[in-house]
>>> print(open('data-v8.txt').read())   # compact mmCIF, C-alpha atoms
# COMPACT_ATOMS: atom_id res chain seq x y z
CA MET T 1 0.00 0.00 0.00
CA ARG T 2 2.84 2.36 0.92
CA LYS T 3 4.52 1.74 -2.45
CA LEU T 4 1.26 2.49 -4.25
CA LEU T 5 0.90 5.78 -2.39
CA ILE T 6 4.50 6.72 -3.20
CA ALA T 7 3.98 5.80 -6.87
CA ALA T 8 0.78 7.86 -6.98
CA ALA T 9 2.56 10.81 -5.39
CA VAL T 10 5.44 10.57 -7.88
CA ALA T 11 3.00 10.34 -10.78
CA ALA T 12 1.08 13.37 -9.53
CA LEU T 13 4.33 15.30 -9.14
CA ALA T 14 5.37 14.35 -12.68
CA VAL T 15 2.03 15.51 -14.07
CA PHE T 16 2.35 18.77 -12.13
CA ALA T 17 5.90 19.30 -13.41
CA ALA T 18 4.89 18.58 -16.99
CA ASN T 19 1.90 20.91 -16.73
CA THR T 20 4.05 23.64 -15.23
CA TYR T 21 6.67 23.25 -17.97
CA THR T 22 3.96 23.42 -20.62
CA ARG T 23 2.40 26.50 -19.02
CA MET T 24 5.82 28.19 -18.86
CA ASN T 25 6.35 27.54 -22.57
CA LEU T 26 2.90 28.88 -23.38
CA LEU T 27 3.48 32.00 -21.35
CA ASN T 28 6.89 32.59 -22.85
CA GLU T 29 6.43 32.08 -26.58
CA SER T 30 4.17 32.86 -29.48
CA SER T 31 3.27 29.95 -31.75
CA HIS T 32 4.09 32.08 -34.79
CA HIS T 33 7.56 32.09 -36.28
CA TYR T 34 8.32 34.63 -39.00
CA SER T 35 11.19 36.64 -40.38
CA CYS T 36 11.55 40.30 -39.41
CA LEU T 37 9.83 43.01 -41.41
CA ASP T 38 10.88 46.64 -41.44
CA LEU T 39 8.86 49.85 -41.55
CA SER T 40 9.96 53.41 -40.83
CA ALA T 41 9.26 54.33 -37.19
CA LEU T 42 7.84 57.49 -35.72
CA SER T 43 10.32 58.31 -32.96
CA SER T 44 8.08 58.60 -29.92
CA SER T 45 7.95 56.42 -26.79
CA LYS T 46 4.19 56.49 -26.26
CA VAL T 47 1.32 53.97 -26.18
CA PHE T 48 -1.53 55.06 -28.46
CA GLN T 49 -5.29 54.68 -28.25
CA ARG T 50 -8.14 55.88 -30.42
CA LEU T 51 -9.96 59.23 -30.14
CA LEU T 52 -12.04 59.91 -33.27
CA ARG T 53 -9.52 60.83 -35.99
CA ALA T 54 -6.66 61.00 -33.55
CA ARG T 55 -4.97 58.77 -31.01
CA LEU T 56 -4.57 59.32 -27.34
CA SER T 57 -1.40 58.08 -25.72
CA THR T 58 0.21 57.49 -22.38
CA GLN T 59 3.88 58.01 -21.66
CA GLY T 60 6.17 56.35 -19.19
CA LEU T 61 4.00 53.49 -17.90
CA LYS T 62 5.65 52.05 -14.81
CA PHE T 63 4.67 48.43 -14.38
CA PRO T 64 5.98 45.86 -11.84
CA GLU T 65 9.07 44.01 -13.07
CA VAL T 66 9.00 45.73 -16.48
CA PRO T 67 11.86 48.18 -17.19
CA SER T 68 11.00 51.87 -17.23
CA PHE T 69 13.03 54.39 -19.20
CA CYS T 70 11.11 57.48 -18.12
CA ASP T 71 11.71 59.04 -14.70
CA GLY T 72 8.93 61.59 -14.95
CA PRO T 73 5.17 61.12 -14.48
CA GLY T 74 2.89 59.95 -17.27
CA LYS T 75 1.43 62.27 -19.86
CA MET T 76 -1.36 62.22 -22.43
CA TYR T 77 -0.93 62.93 -26.13
CA VAL T 78 -3.12 63.20 -29.20
CA VAL T 79 -2.08 62.36 -32.74
CA ASP T 80 -3.93 63.26 -35.94
CA MET T 81 -3.87 60.03 -37.93
CA LEU T 82 -4.87 61.79 -41.16
CA HIS T 83 -1.93 64.20 -41.13
CA PRO T 84 0.77 63.24 -43.67
CA LYS T 85 3.39 63.57 -40.94
CA PRO T 86 1.58 62.86 -37.64
CA THR T 87 3.18 64.44 -34.60
CA PRO T 88 2.17 63.77 -30.96
CA VAL T 89 0.72 66.85 -29.22
CA GLU T 90 0.69 66.86 -25.44
CA LEU T 91 -2.69 67.35 -23.82
CA GLN T 92 -2.94 69.78 -20.92
CA ILE T 93 -4.63 68.31 -17.85
CA LYS T 94 -6.67 70.58 -15.61
CA GLY T 95 -8.31 69.78 -12.29
CA GLU T 96 -7.32 68.33 -8.93
CA LEU T 97 -5.56 65.19 -10.20
CA ASP T 98 -2.10 64.64 -8.70
CA LEU T 99 0.00 64.77 -11.86
CA SER T 100 3.23 64.00 -10.01
CA SER T 101 2.13 60.37 -9.55
CA PHE T 102 0.11 60.03 -12.76
CA ASN T 103 0.84 56.56 -14.19
CA PRO T 104 -1.66 55.97 -17.03
CA HIS T 105 -2.35 52.55 -18.51
CA GLY T 106 -5.56 51.55 -20.37
CA ILE T 107 -7.68 54.20 -22.10
CA SER T 108 -11.23 54.42 -23.42
CA VAL T 109 -13.29 57.20 -25.00
CA TYR T 110 -17.04 57.76 -24.71
CA THR T 111 -19.06 60.28 -26.72
CA ASP T 112 -22.35 61.46 -25.23
CA GLU T 113 -24.77 61.52 -28.17
CA ALA T 114 -26.99 64.07 -26.38
CA ASP T 115 -24.48 66.90 -26.72
CA ASP T 116 -21.42 65.30 -28.40
CA SER T 117 -19.34 65.74 -25.25
CA ILE T 118 -16.27 63.50 -25.22
CA TYR T 119 -15.21 61.70 -22.03
CA VAL T 120 -11.84 60.03 -21.62
CA PHE T 121 -11.43 57.16 -19.14
CA VAL T 122 -7.88 56.34 -18.04
CA VAL T 123 -6.58 53.50 -15.88
CA ASN T 124 -4.15 55.07 -13.43
CA HIS T 125 -1.61 53.30 -11.19
CA PRO T 126 -0.27 55.94 -8.77
CA HIS T 127 2.13 54.35 -6.28
CA SER T 128 1.22 50.92 -7.74
CA ASN T 129 -2.46 51.36 -6.87
CA SER T 130 -5.34 50.87 -9.29
CA GLN T 131 -7.94 53.54 -10.03
CA ILE T 132 -9.90 55.06 -12.90
CA GLU T 133 -9.72 58.73 -13.89
CA ILE T 134 -12.53 60.32 -15.87
CA PHE T 135 -11.79 63.42 -17.96
CA ARG T 136 -13.84 65.61 -20.25
CA PHE T 137 -12.22 66.58 -23.53
CA ALA T 138 -12.67 70.36 -23.27
CA GLU T 139 -10.67 71.78 -26.15
CA GLU T 140 -8.32 70.57 -28.84
CA ASP T 141 -5.49 70.13 -26.36
CA THR T 142 -7.12 70.08 -22.90
CA LEU T 143 -8.50 67.39 -20.60
CA VAL T 144 -10.49 68.43 -17.53
CA HIS T 145 -10.34 65.92 -14.68
CA LEU T 146 -13.81 65.12 -13.33
CA LYS T 147 -13.58 62.12 -11.05
CA THR T 148 -11.41 59.38 -9.56
CA ILE T 149 -12.91 55.90 -9.10
CA SER T 150 -11.54 53.07 -6.97
CA HIS T 151 -13.30 49.96 -5.69
CA PRO T 152 -12.40 46.60 -4.06
CA LEU T 153 -13.59 44.80 -7.22
CA LEU T 154 -11.06 46.81 -9.26
CA PRO T 155 -7.79 45.76 -7.58
CA SER T 156 -5.62 45.35 -10.66
CA VAL T 157 -7.27 47.01 -13.66
CA ASN T 158 -5.47 46.61 -16.95
CA ASP T 159 -7.90 48.12 -19.42
CA ILE T 160 -11.41 49.58 -19.63
CA VAL T 161 -14.12 50.24 -22.19
CA ALA T 162 -16.54 53.06 -21.43
CA VAL T 163 -20.28 52.56 -22.08
CA GLY T 164 -21.59 55.73 -20.41
CA LYS T 165 -20.48 59.02 -18.89
CA GLU T 166 -19.60 57.26 -15.63
CA SER T 167 -19.97 53.57 -16.51
CA PHE T 168 -17.54 51.06 -17.96
CA TYR T 169 -16.36 47.47 -18.12
CA ALA T 170 -12.89 46.78 -16.71
CA SER T 171 -10.50 43.84 -17.01
CA ASN T 172 -8.41 42.79 -14.02
CA ASP T 173 -5.08 41.22 -14.94
CA GLN T 174 -4.58 39.45 -11.62
CA TYR T 175 -6.84 38.14 -8.84
CA PHE T 176 -4.43 38.13 -5.90
CA PRO T 177 -2.58 41.28 -4.79
CA SER T 178 0.54 39.15 -4.38
CA ARG T 179 2.59 38.82 -7.58
CA THR T 180 3.83 35.43 -6.34
CA LEU T 181 0.30 34.07 -5.96
CA HIS T 182 -0.62 35.52 -9.34
CA LEU T 183 2.34 33.77 -10.98
CA LEU T 184 1.30 30.53 -9.27
CA THR T 185 -2.21 30.76 -10.76
CA LEU T 186 -0.62 31.24 -14.19
CA LEU T 187 1.72 28.27 -13.78
CA LEU T 188 -1.12 26.05 -12.56
CA GLY T 189 -3.46 27.33 -15.25
CA VAL T 190 -6.13 28.42 -12.76
CA PRO T 191 -8.31 31.11 -14.40
CA MET T 192 -9.36 33.45 -11.59
CA CYS T 193 -9.38 36.91 -13.17
CA GLU T 194 -12.61 38.79 -13.76
CA VAL T 195 -14.34 41.45 -15.80
CA VAL T 196 -16.17 44.03 -13.70
CA TYR T 197 -19.02 46.34 -14.65
CA TYR T 198 -19.02 49.72 -12.92
CA SER T 199 -21.63 52.45 -12.71
CA PRO T 200 -22.24 54.84 -9.79
CA GLY T 201 -25.05 52.68 -8.43
CA ASP T 202 -23.97 49.23 -9.56
CA VAL T 203 -20.57 47.53 -9.28
CA ARG T 204 -20.31 43.78 -9.87
CA VAL T 205 -18.39 40.95 -11.49
CA VAL T 206 -19.92 40.10 -14.87
CA ALA T 207 -17.43 37.55 -16.22
CA GLY T 208 -14.78 35.25 -14.82
CA GLY T 209 -12.67 32.25 -15.73
CA ILE T 210 -9.87 34.37 -17.21
CA LEU T 211 -6.20 33.59 -16.61
CA SER T 212 -5.09 37.21 -17.00
CA GLY T 213 -7.44 39.84 -18.39
CA ASN T 214 -5.79 42.43 -20.59
CA GLY T 215 -7.23 44.48 -23.43
CA ILE T 216 -11.01 44.97 -23.53
CA ASN T 217 -13.17 46.60 -26.18
CA LEU T 218 -16.66 46.90 -27.65
CA SER T 219 -18.01 45.69 -31.00
CA LEU T 220 -19.22 48.28 -33.49
CA ASP T 221 -22.88 47.46 -32.79
CA LYS T 222 -22.15 47.54 -29.01
CA ARG T 223 -23.63 44.05 -28.61
CA TYR T 224 -20.38 42.28 -27.75
CA ILE T 225 -17.43 42.72 -25.42
CA TYR T 226 -14.00 41.43 -26.44
CA VAL T 227 -11.43 40.51 -23.78
CA SER T 228 -7.84 39.45 -24.35
CA ASP T 229 -6.86 36.59 -22.05
CA ILE T 230 -3.19 37.30 -22.59
CA ALA T 231 -1.90 34.27 -20.70
CA ASP T 232 -4.22 31.86 -22.49
CA HIS T 233 -3.46 33.19 -26.00
CA ASP T 234 -7.18 33.81 -26.60
CA ILE T 235 -9.62 36.58 -27.38
CA ASP T 236 -12.81 35.90 -25.42
CA VAL T 237 -16.15 37.04 -26.84
CA PHE T 238 -19.05 37.96 -24.55
CA GLU T 239 -22.56 39.10 -25.45
CA ARG T 240 -24.08 42.02 -23.56
CA LYS T 241 -27.50 41.26 -22.14
CA LYS T 242 -30.14 43.33 -20.40
CA GLY T 243 -28.89 44.84 -17.16
CA GLU T 244 -25.29 44.84 -18.41
CA GLN T 245 -24.90 41.12 -17.91
CA LEU T 246 -22.25 39.34 -19.99
CA VAL T 247 -22.75 35.88 -21.50
CA TYR T 248 -19.70 33.99 -22.73
CA ILE T 249 -19.93 33.11 -26.43
CA LYS T 250 -16.55 31.71 -27.46
CA SER T 251 -12.78 32.11 -27.46
CA VAL T 252 -10.67 32.68 -30.55
CA ALA T 253 -7.11 31.35 -30.39
CA VAL T 254 -4.50 33.86 -31.58
CA GLY T 255 -1.30 31.94 -30.90
CA SER T 256 0.38 34.84 -29.13
CA LEU T 257 0.18 36.92 -25.98
CA CYS T 258 -2.05 39.74 -27.18
CA ASP T 259 -2.26 42.97 -25.24
CA ASN T 260 -4.74 45.72 -26.19
CA ILE T 261 -7.63 45.31 -28.64
CA GLU T 262 -8.62 47.95 -31.19
CA VAL T 263 -11.72 47.65 -33.39
CA ASP T 264 -11.61 49.02 -36.93
CA HIS T 265 -14.42 51.58 -37.13
CA ARG T 266 -15.34 50.52 -40.68
CA THR T 267 -14.88 46.75 -40.84
CA GLY T 268 -15.18 45.68 -37.20
CA ASP T 269 -11.87 43.78 -37.50
CA LEU T 270 -9.95 43.35 -34.27
CA TRP T 271 -6.31 44.51 -34.20
CA MET T 272 -4.01 43.53 -31.35
CA GLY T 273 -0.49 44.43 -30.32
CA CYS T 274 1.11 41.21 -29.10
CA HIS T 275 4.22 39.84 -27.38
CA PRO T 276 5.87 36.93 -29.24
CA ASN T 277 8.51 36.48 -26.50
CA PRO T 278 7.28 38.31 -23.38
CA MET T 279 9.94 37.06 -20.95
CA LYS T 280 12.42 39.26 -22.81
CA LEU T 281 10.44 42.29 -21.62
CA PHE T 282 11.77 41.71 -18.12
CA SER T 283 15.43 41.36 -19.08
CA SER T 284 15.55 44.31 -21.50
CA ASP T 285 18.74 43.09 -23.15
CA PRO T 286 19.55 45.40 -26.11
CA LYS T 287 21.37 42.52 -27.80
CA ASP T 288 18.32 40.27 -27.49
CA PRO T 289 15.31 42.63 -27.28
CA PRO T 290 11.64 41.67 -26.92
CA GLY T 291 9.90 41.36 -30.26
CA SER T 292 6.64 42.75 -31.59
CA GLU T 293 3.70 41.13 -33.34
CA ILE T 294 0.50 42.62 -34.77
CA ILE T 295 -2.44 40.26 -35.20
CA ARG T 296 -5.79 40.91 -36.88
CA ILE T 297 -9.03 38.94 -36.54
CA GLN T 298 -11.60 39.19 -39.33
CA ASN T 299 -15.18 37.92 -39.09
CA ILE T 300 -14.81 37.09 -35.41
CA HIS T 301 -18.50 36.24 -35.02
CA SER T 302 -18.50 33.72 -37.86
CA GLN T 303 -17.88 29.99 -37.42
CA HIS T 304 -14.44 30.43 -38.97
CA PRO T 305 -12.76 33.68 -37.88
CA VAL T 306 -9.66 34.58 -39.88
CA VAL T 307 -6.58 35.23 -37.73
CA THR T 308 -3.60 36.75 -39.53
CA VAL T 309 -0.23 38.17 -38.52
CA GLU T 310 0.03 41.62 -40.12
CA TYR T 311 3.45 42.61 -38.82
CA VAL T 312 6.26 40.93 -36.91
CA ASP T 313 9.67 42.14 -35.76
CA ASP T 314 12.39 40.60 -33.61
CA GLY T 315 12.74 43.74 -31.50
CA HIS T 316 15.46 45.52 -33.45
CA VAL T 317 12.90 47.89 -35.00
CA LEU T 318 10.13 47.85 -32.38
CA MET T 319 10.25 46.40 -28.87
CA GLY T 320 7.23 45.12 -26.97
CA SER T 321 4.20 46.08 -29.09
CA THR T 322 1.03 46.58 -27.03
CA VAL T 323 -1.50 48.21 -29.34
CA ALA T 324 -2.27 48.53 -33.05
CA ALA T 325 -4.77 51.29 -33.81
CA PRO T 326 -6.15 51.35 -37.40
CA TYR T 327 -7.81 54.38 -38.97
CA GLU T 328 -8.59 55.08 -42.63
CA GLY T 329 -5.81 52.94 -44.06
CA ARG T 330 -3.24 53.95 -41.46
CA LEU T 331 -1.97 51.98 -38.51
CA LEU T 332 -0.29 53.26 -35.37
CA VAL T 333 1.57 50.69 -33.29
CA GLY T 334 2.46 51.52 -29.69
CA THR T 335 4.77 49.84 -27.19
CA ILE T 336 5.30 49.62 -23.43
CA PHE T 337 8.51 51.63 -23.25
CA HIS T 338 9.88 51.92 -26.78
CA LYS T 339 8.99 54.11 -29.77
CA ALA T 340 5.89 53.91 -31.98
CA LEU T 341 5.46 52.75 -35.55
CA TYR T 342 3.31 54.60 -38.10
CA CYS T 343 2.25 52.48 -41.08
CA ASP T 344 0.44 53.35 -44.28
CA LEU T 345 -1.66 50.29 -45.20
CA ARG T 346 -3.02 51.68 -48.45
>>> encode(input="data-v8.txt", output="structure tokens")
Amino acid sequence: MRKLLIAAAVAALAVFAANTYTRMNLLNESSHHYSCLDLSALSSSKVFQRLLRARLSTQGLKFPEVPSFCDGPGKMYVVDMLHPKPTPVELQIKGELDLSSFNPHGISVYTDEADDSIYVFVVNHPHSNSQIEIFRFAEEDTLVHLKTISHPLLPSVNDIVAVGKESFYASNDQYFPSRTLHLLTLLLGVPMCEVVYYSPGDVRVVAGGILSGNGINLSLDKRYIYVSDIADHDIDVFERKKGEQLVYIKSVAVGSLCDNIEVDHRTGDLWMGCHPNPMKLFSSDPKDPPGSEIIRIQNIHSQHPVVTVEYVDDGHVLMGSTVAAPYEGRLLVGTIFHKALYCDLR
């Protein structure tokens, strides 16, 4: 009996070790292998998001265990995507927000159809905390800070998508506050992260079973929510139901660790900035830099979505791509701490 117990224990340990090794490989590598492409880069170390014809950006994101090459606080920029030579313009921030600790991350924009007012939602990590800042876009180059939101159900927000003047869905990228416990859930493949719906009178978990929630966005018809489960190499699709409930529909495998999700305003295609070798982000070796990968999903709601790699680089042109924002035949690719890439797709 004792030998059987020992054999069972050894077998269980072997299964655990094999599973852990497999999970480590999945977390560390993209399944795509391509040669490096080259496009001319726009020299600007910002991460870009969409605002009508322009892109909003954040500068100097400071994230645990990821190198930071900017000592100052974060800033916001806007870029006119239709300009022949787009140049980032810094947005002035007014209000009571503490700009000295401003550490912006995910961004979303909401337009109030009643008066065309534009609201900008920004995930902020001051002193490694997690909170949401709401701004009103007042002029061409000014954001007015309106409100700061924090909540126990929003402990580690990665990205948000606004659905009202004070309401949004948010993705948490880890369940436990401890980075060690979070890493353990990843190694064991235990999906514990959640999507949270927030409005002033209603805050609740609306989706779970996610290894590590990252980018989140809304379909063109506003019926569906897309969430990047970065650790599981999937884009999860949820349907919005009455009362802002989410119902899981399916997951689309992308074969890479995809970060933010942008939705083409004409076609509804999903564009993601992805990490083909994310472990290199932590070492930041200039001789062996982290690569970049841009993936597009067409016809995501069909039975056979088309997943294609639109751009790939080994890190010598662009390091650590996080977002790919398309607009009218142009594409702006942002990174965590490196420069940005402006592409003409026409």
>>> closest_residue(input="data-v8.txt", among="T:Ser128, T:Ser321, T:Asn299, T:Ser283", to="Ser256 in chain T", atoms="only C-alpha atoms")
T:Ser321
>>> residues_around(input="data-v8.txt", residues="range 155-159 of chain T", least_positions_apart="2", cutoff="6 Å", atoms="only C-alpha atoms", output="ChimeraX atom specification")
/T:106,130,152-153,170-173,214-215
>>> atom_distance(input="data-v8.txt", atom1="CA of Cys193 in chain T", atom2="CA of Leu257 in chain T")
16.0 Å
>>> closest_atom_pairs(input="data-v8.txt", of="range 131-214 of chain T", to="range 83-96 of chain T", cutoff="6 Å", atoms="only C-alpha atoms", output="Markdown table")
| residue | atom | partner | partner_atom | distance |
| --- | --- | --- | --- | --- |
| T:Asp141 | CA | T:Leu91 | CA | 4.7 |
| T:Thr142 | CA | T:Gln92 | CA | 4.6 |
| T:Leu143 | CA | T:Ile93 | CA | 4.8 |
| T:Val144 | CA | T:Lys94 | CA | 4.8 |
| T:His145 | CA | T:Gly95 | CA | 5.0 |
>>> closest_residue(input="data-v8.txt", among="T:Arg204, T:His105, T:His182, T:Lys147", to="Gln245 in chain T", atoms="all atoms listed in the file")
T:Arg204
>>> closest_residue(input="data-v8.txt", among="T:Leu218, T:Glu140, T:Gly213, T:Ile294", to="Ala162 in chain T", atoms="all atoms listed in the file")
T:Leu218
>>> closest_residue(input="data-v8.txt", among="T:Ile118, T:Leu97, T:Val263, T:Ala340", to="Glu139 in chain T", atoms="all atoms listed in the file")
T:Ile118
>>> residues_around(input="data-v8.txt", residues="Ile149 in chain T", least_positions_apart="2", cutoff="7 Å", atoms="all atoms listed in the file", output="ChimeraX atom specification")
/T:131-133,147,151
>>> axis_aligned_box(input="data-v8.txt", around="range 126-142 of chain T", padding_each_side="4 Å", output="AutoDock Vina command-line options")
--center_x -5.9 --center_y 61.3 --center_z -17.6 --size_x 24.0 --size_y 28.9 --size_z 30.6
>>> closest_residue(input="data-v8.txt", among="T:Ala231, T:Val109, T:Leu211, T:Ala114", to="Val161 in chain T", atoms="all atoms listed in the file")
T:Val109
>>> closest_residue(input="data-v8.txt", among="T:Val205, T:Ile297, T:Met192, T:Leu186", to="Ala253 in chain T", atoms="all atoms listed in the file")
T:Ile297
